[in-house]
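The file target_24.cif comes next; it holds mmCIF, C-alpha atoms.
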```
data_structure
#
loop_
_atom_site.group_PDB
_atom_site.id
_atom_site.type_symbol
_atom_site.label_atom_id
_atom_site.label_comp_id
_atom_site.auth_asym_id
_atom_site.auth_seq_id
_atom_site.Cartn_x
_atom_site.Cartn_y
_atom_site.Cartn_z
ATOM 1 C CA MET A 1 27.500 288.198 169.864
ATOM 2 C CA PRO A 2 30.160 289.411 167.478
ATOM 3 C CA ASP A 3 32.788 286.842 166.672
ATOM 4 C CA ASP A 4 35.962 288.568 167.764
ATOM 5 C CA THR A 5 38.212 285.582 167.139
ATOM 6 C CA PRO A 6 41.243 287.024 165.362
ATOM 7 C CA ILE A 7 41.899 285.746 161.866
ATOM 8 C CA PRO A 8 45.131 283.746 162.016
ATOM 9 C CA ALA A 9 48.113 285.266 160.258
ATOM 10 C CA ILE A 10 49.135 283.658 156.991
ATOM 11 C CA HIS A 11 51.844 281.448 158.467
ATOM 12 C CA ASP A 12 49.768 280.329 161.462
ATOM 13 C CA ILE A 13 48.410 277.158 159.875
ATOM 14 C CA GLY A 14 48.484 274.719 162.797
ATOM 15 C CA GLY A 15 45.129 272.919 162.598
ATOM 16 C CA ALA A 16 44.033 274.904 159.516
ATOM 17 C CA ALA A 17 41.146 273.146 157.792
ATOM 18 C CA ARG A 18 42.292 273.898 154.247
ATOM 19 C CA PHE A 19 44.935 271.140 154.380
ATOM 20 C CA HIS A 20 42.922 268.484 156.177
ATOM 21 C CA CYS A 21 42.436 266.349 153.114
ATOM 22 C CA THR A 22 45.999 266.812 151.877
ATOM 23 C CA PRO A 23 48.222 263.799 152.500
ATOM 24 C CA VAL A 24 51.701 264.483 153.868
ATOM 25 C CA GLU A 25 53.888 263.507 150.917
ATOM 26 C CA HIS A 26 57.055 261.534 151.664
ATOM 27 C CA ASP A 27 59.207 264.150 150.036
ATOM 28 C CA GLU A 28 62.818 263.265 150.817
ATOM 29 C CA VAL A 29 64.444 265.322 148.069
ATOM 30 C CA PRO A 30 67.283 267.301 149.691
ATOM 31 C CA PRO A 31 67.454 271.058 149.186
ATOM 32 C CA ASP A 32 68.642 272.006 145.694
ATOM 33 C CA ALA A 33 71.612 274.289 144.936
ATOM 34 C CA PHE A 34 69.362 277.357 145.091
ATOM 35 C CA GLY A 35 67.977 276.416 148.509
ATOM 36 C CA LYS A 36 71.353 275.553 149.980
ATOM 37 C CA LYS A 37 72.816 278.836 148.810
ATOM 38 C CA VAL A 38 69.955 280.877 150.288
ATOM 39 C CA ASP A 39 70.325 278.904 153.515
ATOM 40 C CA ALA A 40 74.086 279.521 153.708
ATOM 41 C CA LEU A 41 73.659 283.207 152.880
ATOM 42 C CA ARG A 42 71.131 283.601 155.695
ATOM 43 C CA GLN A 43 73.535 282.045 158.180
ATOM 44 C CA ILE A 44 76.366 284.340 157.128
ATOM 45 C CA LEU A 45 74.228 287.491 157.280
ATOM 46 C CA ALA A 46 73.046 286.451 160.758
ATOM 47 C CA GLN A 47 76.611 285.798 161.885
ATOM 48 C CA LYS A 48 77.594 289.260 160.643
ATOM 49 C CA LYS A 49 74.737 290.727 162.721
ATOM 50 C CA LEU A 50 72.979 292.020 159.612
ATOM 51 C CA MET A 51 69.736 290.142 160.302
ATOM 52 C CA THR A 52 68.114 287.960 162.968
ATOM 53 C CA VAL A 53 65.857 284.910 162.808
ATOM 54 C CA ASP A 54 62.975 287.055 164.039
ATOM 55 C CA GLU A 55 63.545 289.536 161.234
ATOM 56 C CA LEU A 56 63.660 286.665 158.728
ATOM 57 C CA ARG A 57 60.341 285.413 160.078
ATOM 58 C CA ARG A 58 58.747 288.857 159.915
ATOM 59 C CA GLY A 59 59.791 289.133 156.270
ATOM 60 C CA ILE A 60 58.387 285.673 155.463
ATOM 61 C CA GLU A 61 55.195 286.229 157.389
ATOM 62 C CA SER A 62 54.487 289.507 155.595
ATOM 63 C CA ILE A 63 54.403 287.834 152.165
ATOM 64 C CA PRO A 64 50.877 288.200 150.721
ATOM 65 C CA GLU A 65 48.754 285.047 150.901
ATOM 66 C CA SER A 66 48.682 284.371 147.160
ATOM 67 C CA GLU A 67 52.474 284.385 146.983
ATOM 68 C CA TYR A 68 53.066 282.699 150.348
ATOM 69 C CA PHE A 69 51.455 279.487 149.167
ATOM 70 C CA ALA A 70 52.809 279.690 145.603
ATOM 71 C CA LEU A 71 56.462 280.278 146.453
ATOM 72 C CA GLY A 72 58.805 277.487 147.500
ATOM 73 C CA TYR A 73 60.290 277.375 150.983
ATOM 74 C CA TYR A 74 63.664 278.913 150.162
ATOM 75 C CA GLU A 75 62.004 281.330 147.736
ATOM 76 C CA ARG A 76 60.111 282.736 150.719
ATOM 77 C CA TRP A 77 63.365 282.999 152.651
ATOM 78 C CA LEU A 78 65.027 284.820 149.754
ATOM 79 C CA ARG A 79 62.166 287.326 149.496
ATOM 80 C CA SER A 80 62.560 288.077 153.171
ATOM 81 C CA ILE A 81 66.369 288.359 153.053
ATOM 82 C CA ALA A 82 66.205 290.707 150.038
ATOM 83 C CA LEU A 83 63.580 292.856 151.769
ATOM 84 C CA LEU A 84 65.688 293.082 154.925
ATOM 85 C CA MET A 85 68.886 293.981 153.078
ATOM 86 C CA VAL A 86 67.055 296.819 151.282
ATOM 87 C CA GLU A 87 65.403 298.022 154.490
ATOM 88 C CA LYS A 88 68.752 298.089 156.244
ATOM 89 C CA GLY A 89 70.440 299.939 153.407
ATOM 90 C CA GLN A 90 72.916 297.137 152.719
ATOM 91 C CA VAL A 91 71.770 296.986 149.091
ATOM 92 C CA GLU A 92 69.534 299.215 147.023
ATOM 93 C CA GLU A 93 66.224 298.253 145.524
ATOM 94 C CA GLY A 94 67.628 299.040 142.084
ATOM 95 C CA ASP A 95 70.325 296.397 142.586
ATOM 96 C CA LEU A 96 67.689 293.715 142.727
ATOM 97 C CA ARG A 97 65.733 294.620 139.585
ATOM 98 C CA MET B 1 57.188 267.235 145.474
ATOM 99 C CA ALA B 2 58.770 270.637 145.965
ATOM 100 C CA ALA B 3 58.769 272.640 142.743
ATOM 101 C CA PRO B 4 62.068 274.001 141.433
ATOM 102 C CA PRO B 5 62.719 277.697 142.090
ATOM 103 C CA ARG B 6 61.165 280.064 139.588
ATOM 104 C CA PRO B 7 63.463 281.866 137.129
ATOM 105 C CA ASP B 8 62.713 285.203 138.799
ATOM 106 C CA SER B 9 63.804 283.785 142.159
ATOM 107 C CA ILE B 10 67.072 282.496 140.699
ATOM 108 C CA ALA B 11 67.636 285.935 139.141
ATOM 109 C CA LEU B 12 66.859 287.643 142.459
ATOM 110 C CA LEU B 13 69.421 285.492 144.280
ATOM 111 C CA ASP B 14 72.050 286.267 141.635
ATOM 112 C CA ARG B 15 71.372 290.005 141.891
ATOM 113 C CA LEU B 16 71.327 289.999 145.688
ATOM 114 C CA MET B 17 74.606 288.060 145.836
ATOM 115 C CA ALA B 18 76.211 290.370 143.257
ATOM 116 C CA ALA B 19 75.163 293.457 145.245
ATOM 117 C CA LEU B 20 76.373 291.998 148.564
ATOM 118 C CA VAL B 21 79.684 290.949 146.990
ATOM 119 C CA ALA B 22 80.145 294.346 145.318
ATOM 120 C CA ARG B 23 79.693 296.042 148.690
ATOM 121 C CA GLY B 24 82.168 293.733 150.399
ATOM 122 C CA ILE B 25 79.529 292.191 152.693
ATOM 123 C CA VAL B 26 79.980 288.553 151.633
ATOM 124 C CA THR B 27 82.077 286.533 149.206
ATOM 125 C CA GLU B 28 81.039 283.567 147.082
ATOM 126 C CA ALA B 29 83.753 281.511 148.797
ATOM 127 C CA GLU B 30 82.275 282.292 152.235
ATOM 128 C CA VAL B 31 78.851 281.134 151.118
ATOM 129 C CA ALA B 32 80.253 277.953 149.587
ATOM 130 C CA GLU B 33 82.204 277.159 152.754
ATOM 131 C CA ARG B 34 79.166 277.707 154.948
ATOM 132 C CA GLN B 35 77.098 275.482 152.693
ATOM 133 C CA ALA B 36 79.710 272.724 152.918
ATOM 134 C CA ASN B 37 79.630 272.935 156.721
ATOM 135 C CA THR B 38 75.833 272.850 156.801
ATOM 136 C CA ASP B 39 75.846 269.798 154.532
ATOM 137 C CA LYS B 40 77.841 267.898 157.163
ATOM 138 C CA ALA B 41 75.079 267.979 159.814
ATOM 139 C CA SER B 42 72.971 264.826 159.661
ATOM 140 C CA PRO B 43 70.541 262.756 161.735
ATOM 141 C CA GLU B 44 73.383 260.349 162.452
ATOM 142 C CA THR B 45 74.346 262.729 165.257
ATOM 143 C CA GLY B 46 70.890 262.536 166.835
ATOM 144 C CA ALA B 47 70.974 258.757 166.387
ATOM 145 C CA ARG B 48 74.310 258.519 168.205
ATOM 146 C CA MET B 49 72.894 260.618 171.057
ATOM 147 C CA VAL B 50 69.903 258.286 171.378
ATOM 148 C CA ALA B 51 72.010 255.116 171.238
ATOM 149 C CA ARG B 52 74.312 256.464 173.921
ATOM 150 C CA ALA B 53 71.322 257.386 176.089
ATOM 151 C CA TRP B 54 70.079 253.776 175.734
ATOM 152 C CA THR B 55 73.399 252.410 176.999
ATOM 153 C CA ASP B 56 74.641 255.092 179.421
ATOM 154 C CA PRO B 57 72.246 256.181 182.216
ATOM 155 C CA ALA B 58 74.271 259.278 183.107
ATOM 156 C CA TYR B 59 74.189 260.455 179.497
ATOM 157 C CA ARG B 60 70.467 259.734 179.329
ATOM 158 C CA ALA B 61 69.932 262.001 182.337
ATOM 159 C CA LEU B 62 72.009 264.742 180.724
ATOM 160 C CA LEU B 63 70.176 264.376 177.402
ATOM 161 C CA LEU B 64 66.792 264.754 179.072
ATOM 162 C CA SER B 65 67.829 267.698 181.233
ATOM 163 C CA ASP B 66 69.966 269.672 178.762
ATOM 164 C CA GLY B 67 69.911 268.610 175.119
ATOM 165 C CA ARG B 68 72.377 271.308 174.131
ATOM 166 C CA ALA B 69 74.981 270.085 176.610
ATOM 167 C CA ALA B 70 74.366 266.495 175.498
ATOM 168 C CA ALA B 71 74.928 267.487 171.862
ATOM 169 C CA GLU B 72 78.100 269.394 172.756
ATOM 170 C CA GLU B 73 79.351 266.287 174.540
ATOM 171 C CA MET B 74 79.093 264.416 171.230
ATOM 172 C CA GLY B 75 81.330 267.036 169.637
ATOM 173 C CA VAL B 76 78.582 269.126 168.019
ATOM 174 C CA SER B 77 78.897 272.903 168.218
ATOM 175 C CA MET B 78 75.631 274.382 169.465
ATOM 176 C CA ALA B 79 76.991 277.954 169.469
ATOM 177 C CA GLY B 80 74.171 280.316 168.614
ATOM 178 C CA ALA B 81 71.592 277.522 168.491
ATOM 179 C CA PRO B 82 68.452 277.736 170.629
ATOM 180 C CA PRO B 83 67.936 275.273 173.503
ATOM 181 C CA LEU B 84 67.278 271.640 172.564
ATOM 182 C CA GLY B 85 64.566 269.820 174.483
ATOM 183 C CA VAL B 86 64.407 266.018 174.364
ATOM 184 C CA LEU B 87 61.066 264.223 174.687
ATOM 185 C CA GLU B 88 61.183 260.772 176.254
ATOM 186 C CA ASN B 89 58.852 258.194 174.760
ATOM 187 C CA ALA B 90 57.492 255.572 177.171
ATOM 188 C CA PRO B 91 55.246 252.500 176.867
ATOM 189 C CA GLY B 92 52.101 254.647 177.189
ATOM 190 C CA ARG B 93 53.353 257.866 175.641
ATOM 191 C CA HIS B 94 54.510 258.862 172.160
ATOM 192 C CA HIS B 95 55.809 262.278 171.084
ATOM 193 C CA LEU B 96 55.524 263.946 167.708
ATOM 194 C CA VAL B 97 57.391 267.148 166.789
ATOM 195 C CA VAL B 98 56.112 269.760 164.344
ATOM 196 C CA CYS B 99 56.747 273.440 163.653
ATOM 197 C CA THR B 100 53.310 274.801 162.794
ATOM 198 C CA LEU B 101 54.563 278.295 161.982
ATOM 199 C CA CYS B 102 57.363 277.330 159.608
ATOM 200 C CA SER B 103 60.188 274.814 159.938
ATOM 201 C CA CYS B 104 61.996 275.097 163.289
ATOM 202 C CA TYR B 105 64.116 271.972 163.623
ATOM 203 C CA PRO B 106 67.245 271.005 165.610
ATOM 204 C CA ARG B 107 69.469 271.270 162.558
ATOM 205 C CA ALA B 108 72.765 270.874 164.386
ATOM 206 C CA VAL B 109 71.837 267.298 165.352
ATOM 207 C CA LEU B 110 69.409 266.349 162.537
ATOM 208 C CA GLY B 111 70.623 268.256 159.462
ATOM 209 C CA TYR B 112 68.336 270.072 157.021
ATOM 210 C CA PRO B 113 64.625 269.598 157.771
ATOM 211 C CA PRO B 114 63.026 267.358 155.122
ATOM 212 C CA ASN B 115 60.498 268.869 152.715
ATOM 213 C CA TRP B 116 57.561 267.040 154.287
ATOM 214 C CA TYR B 117 58.367 268.592 157.685
ATOM 215 C CA LYS B 118 58.073 272.027 156.060
ATOM 216 C CA SER B 119 54.930 271.133 154.082
ATOM 217 C CA PHE B 120 51.641 272.918 154.684
ATOM 218 C CA ALA B 121 49.902 269.561 155.160
ATOM 219 C CA TYR B 122 52.228 268.378 157.937
ATOM 220 C CA ARG B 123 52.270 271.754 159.684
ATOM 221 C CA SER B 124 48.499 271.993 159.788
ATOM 222 C CA ARG B 125 47.530 268.353 160.316
ATOM 223 C CA ALA B 126 50.122 267.156 162.842
ATOM 224 C CA VAL B 127 48.440 269.149 165.600
ATOM 225 C CA ARG B 128 44.831 268.425 164.543
ATOM 226 C CA GLU B 129 44.924 264.749 163.653
ATOM 227 C CA PRO B 130 48.321 263.341 164.624
ATOM 228 C CA ARG B 131 47.147 259.726 164.839
ATOM 229 C CA GLN B 132 45.736 259.926 161.324
ATOM 230 C CA VAL B 133 48.977 261.405 159.955
ATOM 231 C CA LEU B 134 51.021 258.701 161.698
ATOM 232 C CA ALA B 135 48.690 255.963 160.468
ATOM 233 C CA GLU B 136 49.010 257.203 156.881
ATOM 234 C CA TRP B 137 52.756 256.791 157.294
ATOM 235 C CA GLY B 138 52.376 253.284 158.638
ATOM 236 C CA LEU B 139 52.632 253.930 162.365
ATOM 237 C CA ASN B 140 49.412 252.738 164.007
ATOM 238 C CA LEU B 141 49.439 253.585 167.689
ATOM 239 C CA PRO B 142 46.877 251.894 169.928
ATOM 240 C CA ASP B 143 44.381 254.132 171.732
ATOM 241 C CA THR B 144 46.082 253.216 174.998
ATOM 242 C CA VAL B 145 49.136 255.202 173.901
ATOM 243 C CA GLU B 146 48.868 258.910 174.592
ATOM 244 C CA VAL B 147 50.164 261.073 171.740
ATOM 245 C CA ARG B 148 51.764 264.366 172.698
ATOM 246 C CA VAL B 149 52.402 266.804 169.862
ATOM 247 C CA VAL B 150 55.067 269.400 170.602
ATOM 248 C CA ASP B 151 55.527 272.597 168.583
ATOM 249 C CA SER B 152 59.163 273.444 167.853
ATOM 250 C CA THR B 153 59.737 277.197 167.779
ATOM 251 C CA ALA B 154 62.389 279.711 166.810
ATOM 252 C CA ASP B 155 63.398 279.861 170.478
ATOM 253 C CA TYR B 156 63.200 276.197 171.496
ATOM 254 C CA ARG B 157 63.803 273.081 169.397
ATOM 255 C CA TRP B 158 62.755 269.521 170.149
ATOM 256 C CA MET B 159 63.734 265.981 169.302
ATOM 257 C CA VAL B 160 62.373 262.626 170.479
ATOM 258 C CA LEU B 161 64.153 260.004 172.552
ATOM 259 C CA PRO B 162 62.440 256.855 171.246
ATOM 260 C CA MET B 163 62.124 253.648 173.233
ATOM 261 C CA ARG B 164 64.868 251.093 172.755
ATOM 262 C CA PRO B 165 63.386 248.268 170.684
ATOM 263 C CA ALA B 166 62.949 244.805 172.127
ATOM 264 C CA GLY B 167 65.462 242.234 170.929
ATOM 265 C CA THR B 168 68.458 244.550 171.163
ATOM 266 C CA GLU B 169 69.786 243.326 174.501
ATOM 267 C CA GLY B 170 73.572 243.347 174.551
ATOM 268 C CA TRP B 171 73.908 245.519 171.441
ATOM 269 C CA ASP B 172 76.570 248.208 171.571
ATOM 270 C CA ALA B 173 75.878 251.880 170.864
ATOM 271 C CA THR B 174 77.134 251.742 167.277
ATOM 272 C CA ARG B 175 74.807 248.898 166.374
ATOM 273 C CA LEU B 176 71.907 250.580 168.186
ATOM 274 C CA ALA B 177 72.495 253.930 166.460
ATOM 275 C CA ALA B 178 71.930 252.277 163.086
ATOM 276 C CA LEU B 179 68.320 251.578 164.140
ATOM 277 C CA VAL B 180 67.553 255.206 164.931
ATOM 278 C CA THR B 181 66.218 256.964 161.864
ATOM 279 C CA ARG B 182 65.571 260.644 161.436
ATOM 280 C CA ASP B 183 61.842 259.854 161.350
ATOM 281 C CA ALA B 184 62.113 258.259 164.799
ATOM 282 C CA LEU B 185 63.836 261.403 166.096
ATOM 283 C CA VAL B 186 60.908 263.513 164.871
ATOM 284 C CA GLY B 187 58.336 260.991 166.079
ATOM 285 C CA VAL B 188 56.767 259.931 162.769
ATOM 286 C CA ALA B 189 58.244 256.433 163.220
ATOM 287 C CA VAL B 190 59.585 254.199 165.971
ATOM 288 C CA PRO B 191 62.788 252.167 165.807
ATOM 289 C CA VAL B 192 62.479 248.425 165.337
ATOM 290 C CA ALA B 193 65.167 245.772 165.553
ATOM 291 C CA ALA B 194 65.708 244.391 162.062
#
```

Could the structure of this file be written out as C-alpha cells, please?
Amino acid sequence: MPDDTPIPAIHDIGGAARFHCTPVEHDEVPPDAFGKKVDALRQILAQKKLMTVDELRRGIESIPESEYFALGYYERWLRSIALLMVEKGQVEEGDLR
Amino acid sequence: MAAPPRPDSIALLDRLMAALVARGIVTEAEVAERQANTDKASPETGARMVARAWTDPAYRALLLSDGRAAAEEMGVSMAGAPPLGVLENAPGRHHLVVCTLCSCYPRAVLGYPPNWYKSFAYRSRAVREPRQVLAEWGLNLPDTVEVRVVDSTADYRWMVLPMRPAGTEGWDATRLAALVTRDALVGVAVPVAA
C-alpha cells in the first residue's frame, strides 16, 4: 500500500516529532522595537485594505524550510509583507535591495 | 530566547518603510501611533473579564456565549477582530489554548502573544503531550481532570475562563482580577489565592 499521507506544510507543526524533546522556554521578553514596528505596519496596511491576514499567512507559509526555522517571528512577517507589497505593485523589488 | 533581528532584516524594514513613505502609503507617525495603541492592550483586560464573570452571573453567561460582546462591554474595541470563544474550566476539565499554525491569540484582551506561545516547541507539543508541557511548567493535573486542547485560528480566537480559587469568598472583582494571570487565561497555569 502506498503511503499517501500528505507531507505537512512547513508551518503545520502541531504534534511534529522534531520538537518533542525541546522544552518550552519561559521566554517573557516583549517584542523589540523591530518587532513592534513590523506589527504596527501590518495593522496599518490591513486597515488600508492593502493586505489581509490570509495573505500574510500565505507569505509566511511559503518561506522555504531552512529560512522558516532560522528567521525570527517578526522577520517572517516582514518577509511576507515585503513580498505582498511587491506583488501588489505598491513598491518595487528594486526599492528593497 | 528569541534572537535579535538580523542586520539584513533591519535593512529590509528600513527600505520597505522608506518606499511606502515615498509613495504616500504610510507615514512614520502613523506607524508610531499604531504601535503606541497596540502597546496599551494587556492581559489585565482579560483578567477583569474573568473577575467580573466570577462575581456577576449575567456577565458570565454573556462571556461564555459571546466573548466579543463581553469584551466590548468592558470598553475594548473588537472592531475587525475575529470572534472570541471562552472556554470554561470546571472541577474535572481544564482547557489549554495553542495556535499550532502560527500565533493566533486574542490580542485585544491579552496584548502581544508571548514568545513561548509562538515557539516551535509549544506549537508542536501542546497538542501532543499537553500534560507533560503543563507539568514542566509546574502545573500537575491529576488524571481525573480531562485536558482539552483548543487550537486558536486566524478566524476564531480563544481564551480560558479559569475556576475561581478557593479562599476568595467575599472578594470584590478588583481583588479577584489581580489573581488572574495571562498564563491562566491561556491555560498554562491556574489562579491561586495568595

Rank nothing, just name the residue among A:Arg97, A:Lys88, A:Lys49, A:Arg58 nearest to chain B, using only C-alpha atoms. A:Arg97

Identify all residues satisfying the PyMOL selection byres ((chain A) within 6 of (chain B)) in the given file; provide them as an MDAnalysis selection string. chainID A and resid 11:16 19 22 24 27:28 40:41 96

Listed atoms of stretch 163-177 of chain B boxed axis-aligned with 5 Å per side, centre + edges as JSON:
```
{"center_x": 69.6, "center_y": 248.1, "center_z": 170.5, "size_x": 25.0, "size_y": 21.7, "size_z": 18.2}
```

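With the shown file loaded, the PyMOL selection byres ((chain B and resi 45) around 9) picks out Ala41, Ser42, Pro43, Glu44, Gly46, Ala47, Arg48, Met49, Val50, Ala71, Met74, Val76, Ala108, Val109, Leu110 and Gly111 of chain B.
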
Work out how far atom CA of B:Pro83 is from atom CA of A:Leu83, in Å to one decimal.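 Distance reported for this atom pair: 28.3 Å.
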
Between atom CA of B:Pro57 and atom CA of B:Cys104, what is the distance in Å, rounded to a tenth?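 So the two atoms, atom CA of B:Pro57 and atom CA of B:Cys104, lie 28.7 Å apart.
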
Answer key for the PyMOL selection byres ((chain B and resi 163) around 10), residues as JSON, numbers by chain: {"B": [50, 54, 88, 89, 90, 91, 94, 160, 161, 162, 164, 165, 166, 184, 190, 191, 192]}

For B:Ala173, which residue out of B:Ala29, B:Ala51, B:His95, B:Lys40 is the nearest one, using only C-alpha atoms?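 The closest residue to B:Ala173 is B:Ala51.
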
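Reported to one decimal place, the separation of atom CA of A:Leu84 from atom CA of A:Glu55 is 7.5 Å.
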
Considering all atoms listed in the file, state which residue in the set A:Gly94, A:Gly59, A:Pro64, A:Phe34 is at the smallest distance from A:Ile81. A:Gly59

Just stretch 51-60 of chain A, please, as an mmCIF file, in the first residue's frame (only all heavy atoms).
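In the end it all went to part.cif:
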```cif
data_model
loop_
_atom_site.group_PDB
_atom_site.id
_atom_site.type_symbol
_atom_site.label_atom_id
_atom_site.label_comp_id
_atom_site.auth_asym_id
_atom_site.auth_seq_id
_atom_site.Cartn_x
_atom_site.Cartn_y
_atom_site.Cartn_z
ATOM 1 N N MET A 51 -3.532 44.570 2.378
ATOM 2 C CA MET A 51 -3.232 43.151 2.592
ATOM 3 C C MET A 51 -4.203 42.590 3.640
ATOM 4 O O MET A 51 -4.780 43.341 4.417
ATOM 5 C CB MET A 51 -1.785 42.941 3.057
ATOM 6 C CG MET A 51 -1.424 43.678 4.340
ATOM 7 S SD MET A 51 0.271 43.329 4.911
ATOM 8 C CE MET A 51 0.028 41.687 5.575
ATOM 9 N N THR A 52 -4.364 41.269 3.616
ATOM 10 C CA THR A 52 -5.232 40.604 4.596
ATOM 11 C C THR A 52 -4.397 39.643 5.447
ATOM 12 O O THR A 52 -3.245 39.338 5.109
ATOM 13 C CB THR A 52 -6.331 39.780 3.907
ATOM 14 O OG1 THR A 52 -5.702 38.681 3.226
ATOM 15 C CG2 THR A 52 -7.129 40.620 2.911
ATOM 16 N N VAL A 53 -4.996 39.175 6.530
ATOM 17 C CA VAL A 53 -4.315 38.194 7.383
ATOM 18 C C VAL A 53 -4.009 36.925 6.579
ATOM 19 O O VAL A 53 -2.949 36.327 6.724
ATOM 20 C CB VAL A 53 -5.184 37.850 8.609
ATOM 21 C CG1 VAL A 53 -4.612 36.654 9.354
ATOM 22 C CG2 VAL A 53 -5.276 39.044 9.538
ATOM 23 N N ASP A 54 -4.948 36.541 5.720
ATOM 24 C CA ASP A 54 -4.728 35.312 4.945
ATOM 25 C C ASP A 54 -3.556 35.476 3.976
ATOM 26 O O ASP A 54 -2.786 34.547 3.754
ATOM 27 C CB ASP A 54 -6.008 34.929 4.205
ATOM 28 C CG ASP A 54 -7.122 34.588 5.179
ATOM 29 O OD1 ASP A 54 -6.839 33.880 6.165
ATOM 30 O OD2 ASP A 54 -8.260 35.028 4.988
ATOM 31 N N GLU A 55 -3.441 36.680 3.418
ATOM 32 C CA GLU A 55 -2.298 36.931 2.530
ATOM 33 C C GLU A 55 -0.994 36.915 3.335
ATOM 34 O O GLU A 55 0.019 36.378 2.876
ATOM 35 C CB GLU A 55 -2.479 38.261 1.807
ATOM 36 C CG GLU A 55 -3.559 38.201 0.742
ATOM 37 C CD GLU A 55 -3.912 39.573 0.183
ATOM 38 O OE1 GLU A 55 -3.853 40.576 0.922
ATOM 39 O OE2 GLU A 55 -4.258 39.641 -1.000
ATOM 40 N N LEU A 56 -1.031 37.516 4.530
ATOM 41 C CA LEU A 56 0.164 37.482 5.387
ATOM 42 C C LEU A 56 0.571 36.035 5.651
ATOM 43 O O LEU A 56 1.742 35.674 5.554
ATOM 44 C CB LEU A 56 -0.116 38.187 6.715
ATOM 45 C CG LEU A 56 1.009 38.096 7.749
ATOM 46 C CD1 LEU A 56 2.178 39.019 7.367
ATOM 47 C CD2 LEU A 56 0.530 38.447 9.152
ATOM 48 N N ARG A 57 -0.410 35.212 5.985
ATOM 49 C CA ARG A 57 -0.116 33.803 6.278
ATOM 50 C C ARG A 57 0.459 33.104 5.052
ATOM 51 O O ARG A 57 1.418 32.353 5.148
ATOM 52 C CB ARG A 57 -1.392 33.087 6.734
ATOM 53 C CG ARG A 57 -1.860 33.519 8.108
ATOM 54 C CD ARG A 57 -3.015 32.667 8.573
ATOM 55 N NE ARG A 57 -2.707 31.248 8.418
ATOM 56 C CZ ARG A 57 -3.614 30.286 8.414
ATOM 57 N NH1 ARG A 57 -4.878 30.566 8.541
ATOM 58 N NH2 ARG A 57 -3.245 29.033 8.273
ATOM 59 N N ARG A 58 -0.119 33.340 3.897
ATOM 60 C CA ARG A 58 0.384 32.688 2.682
ATOM 61 C C ARG A 58 1.853 33.057 2.450
ATOM 62 O O ARG A 58 2.672 32.223 2.115
ATOM 63 C CB ARG A 58 -0.483 33.090 1.479
ATOM 64 C CG ARG A 58 -0.259 32.246 0.245
ATOM 65 C CD ARG A 58 0.596 32.945 -0.794
ATOM 66 N NE ARG A 58 -0.021 34.157 -1.290
ATOM 67 C CZ ARG A 58 0.648 35.084 -1.966
ATOM 68 N NH1 ARG A 58 1.938 34.949 -2.224
ATOM 69 N NH2 ARG A 58 0.032 36.184 -2.370
ATOM 70 N N GLY A 59 2.171 34.342 2.676
ATOM 71 C CA GLY A 59 3.555 34.778 2.508
ATOM 72 C C GLY A 59 4.491 34.115 3.511
ATOM 73 O O GLY A 59 5.616 33.741 3.177
ATOM 74 N N ILE A 60 4.022 33.964 4.764
ATOM 75 C CA ILE A 60 4.856 33.327 5.793
ATOM 76 C C ILE A 60 5.022 31.840 5.472
ATOM 77 O O ILE A 60 6.113 31.274 5.551
ATOM 78 C CB ILE A 60 4.207 33.492 7.184
ATOM 79 C CG1 ILE A 60 4.185 34.960 7.613
ATOM 80 C CG2 ILE A 60 4.956 32.650 8.224
ATOM 81 C CD1 ILE A 60 3.348 35.218 8.876
#
```
